[in-house]
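Report on one structure; see the data block that follows.
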Amino acid sequence: MSVVGGYLSLIRFYCFEAEVSMMSGQQINSVLNWGPPINPRYFVYLRPKGVFLFVTTQRVKPYSTLPATMNFLDIYKHFQPSHIHAEFMLDQLPSWIAMYFVVAFSSSLDVAAIEMALHKPLDHNAELQTVGWSNVISGLTGGFTGSYIFSSTIFSMKSGVDSRLTGVLVFALELALVMSPFSIISYVPKLFFASLQTLIFVDLFMEWIVHARKSMYVSEYLIVWFTFVVMVLWNLQAGIVLGIVGAAFNFIVSYVESTSIRRVWKQSHVKRQFKERISLLKSRGSIVTLELDGYIFFGSSVNIMAQVRKHVLLTTDELLHQRSTRSLSTSVMATPNFNSHRLHGRISTRNNAATPANMGLMALDDMNEYLSEYSADAPIPACRTRFLVLDFDRVTGIDVTAVRSGFNMIKQMLVENGISLVFANLPKHIEAMLRLHDVFDDNDMNTNSCDNVPTKAFETLDIALEWCEDGLLAKEVPVSDSASRLLQSGRIMQLLDVLLPKGGGGSVEHVGGDKVDDVTGPLYVQTQSFEKGQLIYTCGGDVDGFYVIGKGLVDVYLPSTEHKKMGPGFTGRKRIMQVTNGGLLGDVDMILNKKHSFTAEARSNCFIFFIPTAAMDAMKQQHPNLAARFDKAIMRSMALHILEVRVADE
């Protein structure tokens, strides 16, 4: 748009030169010729009439113009093929090619100018074809080339005349003028034509020099002036080329300065048992998720590195160790190299879920100030970073410089500080580029352990977050497969009793009537086993109770047939969540008293407890304390889900 504005400003300038030349009777083709023609007497004639036409056209509609031309037979006096010198044709070829692009671009600018005045899109190809075929016919019949008279088009529309009949009328009048045996221009005062040029000058000046300032950024407005000045002082071609270069440079600067990375707070769609979900809620700050956007190149990689340093948090001991190591480092670019495994092991004995206030948390780029706002009293405390997740879902491309100077350095910095680098939603070509430059090591891609700080890549952000959460749980929640142990020993109902929240005010062993055992359990609870891939319930099926996952993994999803019904663009199966040991399934649909909203499928061999609705009603009558434990499990799960959703940036 800035180049278009400069181009239209040049047309304004040409109109200004034309009207001064017409009234002074002298040729004006550069700024150097302005001296003699500029005489107060000429401006007395020009300015009042031009300003009068400008004001009149803004308030009185419609108005008409009087186009005139010489006798069309005079054109053919200069159309003599015998005067063509073929020996100079080859020398003119470069100029022809250059003018081809200049005229094509100028015509495109004309269409763009009309499009902006119309405030609606035009078919550029159709408009340019009209201009092209018109020039072909004009050239074959001995006429001159031309383009849109966009000024006439714009002025007609500003006067409220936007009918195609206008073009038909203009065509008929101009045809009559061409067929006229005498030159009508001889009977029209020069004052009229000069004033008309003044009208065009004033209108374009007000639109693209005065009013355009309010609709553009300062940088774009400067490009308008830059393009205009270059066209005046040099030539049209140079103005267009340098204007485009200036606009491109302005875009690059704006793109680099724009935020192409942002911190988000997200979690996986895995529904775990309550104790694990509480642990993850406290320690989820250890997972830093950054969303990348746009095309990543050498300029934006610097911003990405700065954002990583801003959001990655370490403990005070680690930063003091970094400071002492950095003073001994001989490399300015490299991150200080210390034994991350030893340091990681030393700190792992402390509380990682919520770092004590006297320990503090510090960012990598802030070596002097403690972040006092992070404390253990926060409902969701800040944590020492363990995983950095980069989401490439909105990234369109990446260049090799960004990989070498950006992501390799990010990986080095994170690995040396015991932090895993995780990529999500990587396009194939970007993943290939990262592998080519050793961002992924062979060891990284062949291990699922988090202890050796691997660099991982996952198809979706949900799977990446699930892997990170599993790593946090493995470090912070003691690993004990109580489900397998109880099932193997035949204590099935004891497993359900462990998964349910405690009843009353103390342990379940001391509260009568609320314990699930081999006597009360079979009265209300059914046990079911599912093999991998077997459906537990289907979307649209009747709801007759809810489930508690004893052992295994269950995928809950919206089938592709139902997903398509949501509207255009929705295709494929949509994963809703994954439910693991201790998670509840179908409880929301049961409370809402509706059919199943999704389909549940066993992702692994599963052992599941099923509590029918009728059995739940009977339990409330005969064993109310036991029913209260089930109600508490449902309410607690939903309340925690609401908290998780409110915290997460979904």
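In the structure tokens, each chain is lettered A, B, ... as it comes, each chain's residues begin at 1, and ligands are numbered from 1 in order of appearance.
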
If you run DSSP on this backbone, which residues of region 488-601 of chain A come out as helix (DSSP H, G or I), and could you give them as a ChimeraX atom specification? /A:488,492-499,508-510,521-524,560-564,587-592

With only C-alpha atoms as the counted atoms, please give the residues lying no more than 8 Å from Gln528 (chain A), apart from itself and same-chain residues fewer than 2 positions off, as an NGL selection string. :A and (526 or 530 or 607-610)

Can you tell me, as a ChimeraX atom specification, what residues are no more than 12 Å from Val645 (chain A) when counting only C-alpha atoms, ignoring any on the same chain fewer than 5 positions away? /A:265-269,281,638-640,650

Restricting it to N, CA and C atoms, dump the selection as a compact mmCIF listing (two decimals), in the first residue's frame.
# COMPACT_ATOMS: atom_id res chain seq x y z
N TRP A 265 0.13 -21.94 29.32
CA TRP A 265 -0.01 -22.86 30.45
C TRP A 265 -1.00 -23.94 30.03
N LYS A 266 -0.49 -25.09 29.70
CA LYS A 266 -1.34 -26.17 29.20
C LYS A 266 -1.02 -27.46 29.92
N GLN A 267 -1.93 -28.40 29.79
CA GLN A 267 -1.76 -29.72 30.38
C GLN A 267 -2.27 -30.76 29.41
N SER A 268 -1.88 -31.99 29.63
CA SER A 268 -2.34 -33.06 28.76
C SER A 268 -3.79 -33.40 29.07
N HIS A 269 -4.38 -34.19 28.20
CA HIS A 269 -5.77 -34.61 28.38
C HIS A 269 -5.86 -35.97 29.05
N LEU A 281 -0.62 -30.65 39.62
CA LEU A 281 -1.05 -29.26 39.71
C LEU A 281 -0.01 -28.42 40.44
N MET A 638 -14.56 -33.58 39.42
CA MET A 638 -15.07 -32.47 38.61
C MET A 638 -14.51 -31.13 39.08
N ALA A 639 -14.42 -30.93 40.40
CA ALA A 639 -13.89 -29.67 40.92
C ALA A 639 -12.44 -29.47 40.50
N LEU A 640 -11.66 -30.54 40.56
CA LEU A 640 -10.26 -30.43 40.14
C LEU A 640 -10.15 -30.18 38.65
N GLU A 650 -6.47 -22.99 27.28
CA GLU A 650 -7.07 -23.85 26.26
C GLU A 650 -7.75 -22.99 25.21

Contacts of region 538-554 of chain A at 6 Å or less, counting only C-alpha atoms, minus same-chain residues fewer than 4 places along, as a ChimeraX atom specification? /A:578-587,595-599,601-613

Just-selected residues, C-alpha atoms written as a tab-separated table (two decimals), in the first residue's frame:
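The file below, out-v6.tsv, is the result:
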chain	number	residue	atom	x	y	z
A	578	GLN	CA	-7.14	-40.43	28.23
A	579	VAL	CA	-8.17	-42.04	31.51
A	580	THR	CA	-5.72	-44.07	33.57
A	581	ASN	CA	-5.64	-45.88	36.93
A	582	GLY	CA	-8.08	-44.38	39.42
A	583	GLY	CA	-9.79	-42.10	36.90
A	584	LEU	CA	-13.57	-41.83	36.54
A	585	LEU	CA	-15.33	-42.46	33.25
A	586	GLY	CA	-18.89	-41.59	32.19
A	587	ASP	CA	-19.64	-39.71	35.41
A	595	LYS	CA	-26.55	-40.21	26.33
A	596	HIS	CA	-22.82	-40.77	26.05
A	597	SER	CA	-21.17	-37.76	24.39
A	598	PHE	CA	-18.07	-39.67	23.30
A	599	THR	CA	-16.73	-43.14	22.64
A	601	GLU	CA	-11.96	-47.49	23.85
A	602	ALA	CA	-9.43	-49.58	25.77
A	603	ARG	CA	-5.93	-48.52	24.80
A	604	SER	CA	-4.44	-51.42	26.75
A	605	ASN	CA	-5.78	-54.43	28.59
A	606	CYS	CA	-8.01	-52.89	31.24
A	607	PHE	CA	-9.70	-53.93	34.46
A	608	ILE	CA	-12.64	-51.62	35.20
A	609	PHE	CA	-15.22	-51.23	37.96
A	610	PHE	CA	-18.75	-50.38	36.81
A	611	ILE	CA	-21.35	-48.87	39.15
A	612	PRO	CA	-24.87	-48.99	37.60
A	613	THR	CA	-27.26	-46.12	38.26

CA of Thr401 (chain A) to CA of Glu291 (chain A), straight-line distance in Å: 20.0 Å

Residues within 8 Å of His563 (chain A), please, as a CSV table (one decimal) with C-alpha atoms, in the first residue's frame. Count only C-alpha atoms; anything in the same chain fewer than 6 positions from it doesn't count.
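Written out: result.csv:
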chain,number,residue,atom,x,y,z
A,570,PHE,CA,-13.9,-30.9,11.1
A,571,THR,CA,-12.5,-34.3,10.0
A,572,GLY,CA,-11.0,-37.4,11.6
A,573,ARG,CA,-11.3,-38.7,15.1
A,574,LYS,CA,-10.9,-36.1,17.8

As number ranges by chain, please: the residues near Thr289 (chain A) (cut-off 7 Å, only C-alpha atoms, same-chain neighbours under 6 positions excluded). A: 263-265, 388-390

Would you compute the distance between CA of Leu426 (chain A) and CA of Pro568 (chain A)? Give it in Å to one decimal.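 CA of Pro568 (chain A) lies at a distance of 25.0 Å from CA of Leu426 (chain A).
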
Quick one: pull the distance between CA of His429 (chain A) and CA of Ser260 (chain A), Å, one decimal.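 The value is 19.6 Å.
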